[in-house]
Each structure stands twice: as structure tokens, then as C-alpha cells.
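*Asks:* For reference, the file target.txt (compact mmCIF, N, CA and C atoms) is included below:
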```txt
# COMPACT_ATOMS: atom_id res chain seq x y z
N MET A 1 118.74 36.12 55.50
CA MET A 1 118.08 37.27 54.98
C MET A 1 118.37 37.35 53.49
N SER A 2 117.36 37.66 52.75
CA SER A 2 117.55 37.70 51.30
C SER A 2 118.05 39.07 50.88
N GLN A 3 118.51 39.11 49.66
CA GLN A 3 119.06 40.36 49.10
C GLN A 3 117.98 41.44 49.08
N SER A 4 116.77 41.10 48.69
CA SER A 4 115.69 42.08 48.60
C SER A 4 115.31 42.60 50.00
N GLU A 5 115.36 41.68 50.96
CA GLU A 5 115.05 42.09 52.32
C GLU A 5 116.13 43.03 52.84
N ILE A 6 117.38 42.76 52.54
CA ILE A 6 118.48 43.64 52.97
C ILE A 6 118.33 45.00 52.30
N GLU A 7 118.00 45.01 51.01
CA GLU A 7 117.83 46.27 50.31
C GLU A 7 116.65 47.06 50.89
N ARG A 8 115.58 46.33 51.20
CA ARG A 8 114.42 47.00 51.80
C ARG A 8 114.79 47.61 53.14
N ARG A 9 115.54 46.91 53.94
CA ARG A 9 115.97 47.42 55.26
C ARG A 9 116.90 48.61 55.10
N ILE A 10 117.80 48.55 54.13
CA ILE A 10 118.71 49.67 53.88
C ILE A 10 117.91 50.89 53.45
N THR A 11 116.94 50.67 52.56
CA THR A 11 116.08 51.77 52.12
C THR A 11 115.31 52.35 53.30
N GLN A 12 114.79 51.46 54.14
CA GLN A 12 114.05 51.93 55.33
C GLN A 12 114.97 52.72 56.25
N HIS A 13 116.20 52.26 56.44
CA HIS A 13 117.16 52.97 57.29
C HIS A 13 117.51 54.32 56.68
N ASP A 14 117.68 54.34 55.36
CA ASP A 14 117.96 55.61 54.68
C ASP A 14 116.80 56.58 54.91
N ASN A 15 115.57 56.07 54.77
CA ASN A 15 114.39 56.90 55.00
C ASN A 15 114.33 57.37 56.46
N ASP A 16 114.64 56.47 57.38
CA ASP A 16 114.65 56.83 58.81
C ASP A 16 115.70 57.89 59.08
N ILE A 17 116.88 57.72 58.51
CA ILE A 17 117.96 58.70 58.71
C ILE A 17 117.56 60.05 58.13
N GLU A 18 116.95 60.03 56.96
CA GLU A 18 116.49 61.28 56.33
C GLU A 18 115.45 61.96 57.21
N SER A 19 114.53 61.18 57.78
CA SER A 19 113.51 61.72 58.69
C SER A 19 114.15 62.32 59.93
N ILE A 20 115.17 61.65 60.45
CA ILE A 20 115.88 62.15 61.62
C ILE A 20 116.55 63.48 61.29
N TYR A 21 117.19 63.57 60.11
CA TYR A 21 117.82 64.82 59.71
C TYR A 21 116.77 65.95 59.57
N GLU A 22 115.60 65.62 59.04
CA GLU A 22 114.54 66.62 58.93
C GLU A 22 114.08 67.08 60.31
N LEU A 23 113.93 66.12 61.23
CA LEU A 23 113.55 66.47 62.60
C LEU A 23 114.61 67.34 63.26
N LEU A 24 115.88 66.97 63.07
CA LEU A 24 116.98 67.77 63.63
C LEU A 24 116.98 69.18 63.03
N SER A 25 116.69 69.29 61.75
CA SER A 25 116.63 70.59 61.11
C SER A 25 115.49 71.42 61.69
N ASP A 26 114.32 70.79 61.88
CA ASP A 26 113.19 71.50 62.48
C ASP A 26 113.51 71.93 63.91
N ILE A 27 114.14 71.02 64.64
CA ILE A 27 114.51 71.34 66.03
C ILE A 27 115.52 72.48 66.05
N SER A 28 116.48 72.46 65.15
CA SER A 28 117.48 73.53 65.06
C SER A 28 116.82 74.87 64.76
N THR A 29 115.86 74.87 63.84
CA THR A 29 115.13 76.09 63.50
C THR A 29 114.37 76.60 64.73
N THR A 30 113.72 75.69 65.43
CA THR A 30 112.96 76.07 66.63
C THR A 30 113.89 76.63 67.70
N VAL A 31 115.03 75.99 67.89
CA VAL A 31 116.00 76.45 68.89
C VAL A 31 116.50 77.85 68.54
N ARG A 32 116.77 78.10 67.25
CA ARG A 32 117.22 79.44 66.83
C ARG A 32 116.13 80.48 67.11
N ALA A 33 114.88 80.11 66.83
CA ALA A 33 113.77 81.03 67.10
C ALA A 33 113.66 81.31 68.60
N HIS A 34 113.78 80.26 69.41
CA HIS A 34 113.74 80.44 70.87
C HIS A 34 114.92 81.29 71.33
N ASP A 35 116.08 81.04 70.74
CA ASP A 35 117.27 81.82 71.11
C ASP A 35 117.04 83.30 70.84
N GLY A 36 116.42 83.60 69.70
CA GLY A 36 116.12 85.00 69.38
C GLY A 36 115.13 85.60 70.36
N ARG A 37 114.12 84.81 70.70
CA ARG A 37 113.14 85.30 71.68
C ARG A 37 113.77 85.51 73.05
N PHE A 38 114.65 84.58 73.44
CA PHE A 38 115.34 84.74 74.73
C PHE A 38 116.22 85.97 74.73
N ASP A 39 116.87 86.26 73.62
CA ASP A 39 117.67 87.48 73.53
C ASP A 39 116.79 88.71 73.72
N GLY A 40 115.61 88.71 73.08
CA GLY A 40 114.67 89.82 73.26
C GLY A 40 114.22 89.96 74.69
N ILE A 41 113.92 88.83 75.31
CA ILE A 41 113.50 88.85 76.72
C ILE A 41 114.64 89.36 77.59
N ASP A 42 115.88 88.93 77.31
CA ASP A 42 117.04 89.42 78.06
C ASP A 42 117.16 90.93 77.96
N GLN A 43 116.97 91.46 76.77
CA GLN A 43 117.07 92.90 76.59
C GLN A 43 115.98 93.63 77.36
N ARG A 44 114.77 93.09 77.31
CA ARG A 44 113.68 93.71 78.06
C ARG A 44 113.96 93.67 79.56
N LEU A 45 114.45 92.53 80.04
CA LEU A 45 114.77 92.40 81.47
C LEU A 45 115.90 93.34 81.87
N ASP A 46 116.89 93.51 80.99
CA ASP A 46 117.96 94.46 81.27
C ASP A 46 117.41 95.88 81.40
N GLY A 47 116.48 96.23 80.51
CA GLY A 47 115.85 97.54 80.59
C GLY A 47 115.08 97.72 81.89
N MET A 48 114.35 96.68 82.26
CA MET A 48 113.59 96.74 83.52
C MET A 48 114.53 96.84 84.71
N ASP A 49 115.63 96.12 84.65
CA ASP A 49 116.61 96.16 85.73
C ASP A 49 117.18 97.57 85.89
N LYS A 50 117.47 98.22 84.78
CA LYS A 50 117.99 99.59 84.84
C LYS A 50 116.95 100.53 85.44
N ARG A 51 115.69 100.37 85.02
CA ARG A 51 114.64 101.22 85.58
C ARG A 51 114.47 100.97 87.08
N LEU A 52 114.54 99.70 87.49
CA LEU A 52 114.42 99.39 88.91
C LEU A 52 115.60 99.95 89.70
N ASP A 53 116.80 99.93 89.11
CA ASP A 53 117.95 100.53 89.77
C ASP A 53 117.72 102.03 89.97
N GLY A 54 117.17 102.68 88.94
CA GLY A 54 116.86 104.10 89.07
C GLY A 54 115.84 104.37 90.15
N MET A 55 114.81 103.53 90.21
CA MET A 55 113.79 103.68 91.25
C MET A 55 114.40 103.46 92.63
N ASP A 56 115.30 102.48 92.73
CA ASP A 56 115.95 102.19 94.00
C ASP A 56 116.74 103.41 94.48
N LYS A 57 117.44 104.06 93.57
CA LYS A 57 118.19 105.27 93.93
C LYS A 57 117.24 106.37 94.38
N ARG A 58 116.13 106.52 93.66
CA ARG A 58 115.16 107.55 94.05
C ARG A 58 114.59 107.25 95.43
N PHE A 59 114.28 105.97 95.69
CA PHE A 59 113.74 105.60 97.00
C PHE A 59 114.78 105.83 98.11
N ASP A 60 116.05 105.59 97.81
CA ASP A 60 117.10 105.87 98.78
C ASP A 60 117.12 107.36 99.12
N GLY A 61 116.98 108.21 98.08
CA GLY A 61 116.94 109.65 98.31
C GLY A 61 115.74 110.05 99.15
N ILE A 62 114.59 109.46 98.84
CA ILE A 62 113.37 109.76 99.61
C ILE A 62 113.55 109.30 101.04
N ASP A 63 114.17 108.14 101.22
CA ASP A 63 114.39 107.61 102.57
C ASP A 63 115.28 108.55 103.37
N LYS A 64 116.32 109.09 102.75
CA LYS A 64 117.20 110.03 103.44
C LYS A 64 116.44 111.29 103.82
N ARG A 65 115.61 111.79 102.89
CA ARG A 65 114.84 112.99 103.22
C ARG A 65 113.88 112.72 104.37
N LEU A 66 113.24 111.55 104.37
CA LEU A 66 112.32 111.21 105.46
C LEU A 66 113.06 111.07 106.78
N ASP A 67 114.29 110.53 106.74
CA ASP A 67 115.09 110.46 107.96
C ASP A 67 115.36 111.86 108.50
N GLY A 68 115.67 112.80 107.60
CA GLY A 68 115.90 114.18 108.02
C GLY A 68 114.64 114.79 108.62
N MET A 69 113.50 114.51 108.00
CA MET A 69 112.23 115.02 108.54
C MET A 69 111.94 114.42 109.90
N ASP A 70 112.25 113.15 110.04
CA ASP A 70 112.03 112.47 111.32
C ASP A 70 112.85 113.13 112.43
N LYS A 71 114.09 113.47 112.12
CA LYS A 71 114.94 114.16 113.11
C LYS A 71 114.36 115.53 113.44
N ARG A 72 113.89 116.24 112.42
CA ARG A 72 113.30 117.56 112.67
C ARG A 72 112.05 117.43 113.53
N PHE A 73 111.20 116.42 113.25
CA PHE A 73 110.01 116.22 114.06
C PHE A 73 110.37 115.84 115.50
N ASP A 74 111.44 115.08 115.67
CA ASP A 74 111.90 114.76 117.03
C ASP A 74 112.26 116.04 117.77
N GLY A 75 112.97 116.95 117.07
CA GLY A 75 113.33 118.23 117.69
C GLY A 75 112.10 119.05 118.04
N ILE A 76 111.13 119.09 117.13
CA ILE A 76 109.89 119.83 117.39
C ILE A 76 109.15 119.21 118.57
N ASP A 77 109.13 117.87 118.63
CA ASP A 77 108.48 117.17 119.72
C ASP A 77 109.12 117.53 121.06
N LYS A 78 110.43 117.60 121.09
CA LYS A 78 111.13 117.97 122.34
C LYS A 78 110.77 119.40 122.74
N ARG A 79 110.74 120.30 121.74
CA ARG A 79 110.39 121.69 122.05
C ARG A 79 108.96 121.78 122.57
N LEU A 80 108.05 121.03 121.97
CA LEU A 80 106.66 121.04 122.43
C LEU A 80 106.54 120.44 123.82
N ASP A 81 107.34 119.42 124.13
CA ASP A 81 107.34 118.86 125.49
C ASP A 81 107.78 119.92 126.49
N GLY A 82 108.81 120.69 126.13
CA GLY A 82 109.27 121.77 127.00
C GLY A 82 108.18 122.82 127.21
N MET A 83 107.50 123.18 126.12
CA MET A 83 106.41 124.15 126.23
C MET A 83 105.28 123.61 127.09
N ASP A 84 104.99 122.32 126.95
CA ASP A 84 103.94 121.69 127.75
C ASP A 84 104.28 121.77 129.23
N LYS A 85 105.53 121.52 129.58
CA LYS A 85 105.96 121.62 130.98
C LYS A 85 105.81 123.06 131.48
N ARG A 86 106.20 124.01 130.63
CA ARG A 86 106.07 125.42 131.03
C ARG A 86 104.61 125.78 131.24
N PHE A 87 103.73 125.31 130.33
CA PHE A 87 102.30 125.60 130.48
C PHE A 87 101.74 124.93 131.74
N ASP A 88 102.23 123.73 132.07
CA ASP A 88 101.80 123.09 133.30
C ASP A 88 102.18 123.94 134.50
N GLY A 89 103.39 124.49 134.48
CA GLY A 89 103.84 125.36 135.58
C GLY A 89 102.99 126.62 135.66
N ILE A 90 102.70 127.22 134.50
CA ILE A 90 101.86 128.42 134.48
C ILE A 90 100.46 128.09 134.99
N ASP A 91 99.93 126.92 134.57
CA ASP A 91 98.60 126.50 135.02
C ASP A 91 98.57 126.34 136.54
N GLN A 92 99.61 125.76 137.11
CA GLN A 92 99.67 125.60 138.57
C GLN A 92 99.71 126.96 139.26
N ARG A 93 100.50 127.86 138.70
CA ARG A 93 100.58 129.21 139.30
C ARG A 93 99.23 129.91 139.22
N LEU A 94 98.55 129.77 138.07
CA LEU A 94 97.23 130.40 137.92
C LEU A 94 96.22 129.77 138.88
N ASP A 95 96.32 128.45 139.09
CA ASP A 95 95.44 127.80 140.08
C ASP A 95 95.69 128.38 141.47
N GLY A 96 96.96 128.60 141.80
CA GLY A 96 97.29 129.21 143.10
C GLY A 96 96.73 130.62 143.21
N ILE A 97 96.86 131.40 142.15
CA ILE A 97 96.33 132.76 142.15
C ILE A 97 94.81 132.72 142.28
N ASP A 98 94.16 131.78 141.59
CA ASP A 98 92.71 131.64 141.67
C ASP A 98 92.28 131.32 143.09
N ARG A 99 93.02 130.43 143.75
CA ARG A 99 92.69 130.10 145.15
C ARG A 99 92.85 131.33 146.03
N GLN A 100 93.93 132.08 145.81
CA GLN A 100 94.16 133.29 146.62
C GLN A 100 93.05 134.31 146.39
N LEU A 101 92.65 134.47 145.09
CA LEU A 101 91.57 135.40 144.79
C LEU A 101 90.27 134.93 145.42
N GLY A 102 90.06 133.62 145.45
CA GLY A 102 88.86 133.10 146.12
C GLY A 102 88.87 133.43 147.59
N THR A 103 90.02 133.30 148.23
CA THR A 103 90.15 133.62 149.64
C THR A 103 89.94 135.12 149.86
N VAL A 104 90.56 135.94 149.01
CA VAL A 104 90.41 137.40 149.12
C VAL A 104 88.95 137.78 148.88
N GLY A 105 88.31 137.14 147.89
CA GLY A 105 86.90 137.42 147.61
C GLY A 105 86.02 137.08 148.80
N ALA A 106 86.31 135.95 149.41
CA ALA A 106 85.52 135.56 150.58
C ALA A 106 85.74 136.56 151.71
N GLY A 107 86.99 137.01 151.86
CA GLY A 107 87.29 138.01 152.90
C GLY A 107 86.59 139.31 152.61
N LEU A 108 86.57 139.75 151.37
CA LEU A 108 85.88 140.99 151.00
C LEU A 108 84.38 140.88 151.23
N ALA A 109 83.84 139.70 150.96
CA ALA A 109 82.41 139.49 151.19
C ALA A 109 82.09 139.64 152.68
N GLU A 110 82.96 139.12 153.54
CA GLU A 110 82.76 139.25 154.99
C GLU A 110 82.86 140.71 155.40
N VAL A 111 83.85 141.40 154.81
CA VAL A 111 84.02 142.83 155.15
C VAL A 111 82.77 143.60 154.73
N LEU A 112 82.25 143.34 153.53
CA LEU A 112 81.05 144.03 153.06
C LEU A 112 79.86 143.71 153.95
N THR A 113 79.76 142.48 154.38
CA THR A 113 78.67 142.09 155.27
C THR A 113 78.79 142.84 156.58
N LEU A 114 79.98 142.93 157.12
CA LEU A 114 80.18 143.65 158.39
C LEU A 114 79.90 145.13 158.22
N LEU A 115 80.30 145.68 157.08
CA LEU A 115 80.05 147.11 156.82
C LEU A 115 78.55 147.38 156.71
N LYS A 116 77.82 146.49 156.09
CA LYS A 116 76.39 146.65 155.95
C LYS A 116 75.70 146.54 157.32
N GLU A 117 76.22 145.68 158.16
CA GLU A 117 75.62 145.49 159.49
C GLU A 117 75.88 146.74 160.34
N ARG A 118 76.96 147.41 160.17
CA ARG A 118 77.31 148.59 160.96
C ARG A 118 76.58 149.82 160.46
N SER A 119 76.19 149.80 159.28
CA SER A 119 75.58 151.02 158.77
C SER A 119 74.10 151.07 158.97
```
Would it be possible to restate this file's structure as C-alpha cells?
*Replies:*
Amino acid sequence: MSQSEIERRITQHDNDIESIYELLSDISTTVRAHDGRFDGIDQRLDGMDKRLDGMDKRFDGIDKRLDGMDKRFDGIDKRLDGMDKRFDGIDQRLDGIDRQLGTVGAGLAEVLTLLKERS
């Protein structure tokens, strides 16, 4: 290899090294910009996380209130079942009274018929 060829190669290597340093500098700048953006995204996500935690607590409170309402509705349902049974009993008694009145009515009709025949 001649002296001029060695010098040309050294110059080319110097240029290549300088280009590499420029690329590394650009990459470093880009990484810093991304790092800043990631920090911003982290802050936004932290804010969202706090809001979601607050919503979770509110939903827990709502869930507890709904559980309480569910228990109250169960109690009301039991009371209504008891009333339904009582109304069934009353209905049966009224059916019995209706049958008795039907029998008495039929008997009165016979009595009236007999009275009309005698008069």
C-alpha cells in the first residue's frame, strides 16, 4: 500500500468516525426527546390512574349501597309473600262464604216458591 493510499484511507476513516459521532449525537438528541415525551406520558398515566382509583372507590360505595337495597328488597319480598298467603286464605274463606250464600239463596228460592204455591 502506498503512502497516499494509506493517507486516503486514514482520511476516509476520520470522515467515517466523524459521521458516526454525528449519528450518535442525532440519536442522543432523539433519545432525550423521547425520554421527555415518555415522562409526559407517565405523568398523564399517573393522573389517569388516580382518577380510576377514585372511580373505583365510588363504585365500591355504590356497590355497598346496592347490596343494602338488595337486602331491603329481599325483606319486602318476604313481607309480600306473607301478605299473598294471607290473601289466599281470605280468598278461600270468601269462596266458602260464597258457596254458603249460594246454598242459602237456593234454599230461600225454594221457600219463596213454596210460599207462592200456598198462597
*Asks:* What does the distance from atom N of Glu18 (chain A) to CA of Gln3 (chain A) come to in Å, to one decimal?
*Replies:*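 For atom N of Glu18 (chain A) relative to CA of Gln3 (chain A), the distance reads 21.3 Å.
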*Asks:* What is the distance between CA of Asp95 (chain A) and atom N of Gly107 (chain A), in Å to one decimal?
*Replies:*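 Here the two named atoms are 17.2 Å from each other.
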*Asks:* Just give me the gap between atom C of Asp81 (chain A) and atom N of Lys64 (chain A) in Å, one decimal is fine.
*Replies:*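 If I compute the distance from atom C of Asp81 (chain A) to atom N of Lys64 (chain A), I get 27.5 Å.
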*Asks:* Return the padded bounding box of region 14-32 of chain A as lines of an AutoDock Vina configuration file: axis-aligned, built from all atoms listed in the file, 6 Å added on each side, with centre and edge lengths in Å to one decimal.
*Replies:*
```
center_x = 115.5
center_y = 67.4
center_z = 61.8
size_x = 17.0
size_y = 38.1
size_z = 26.2
```
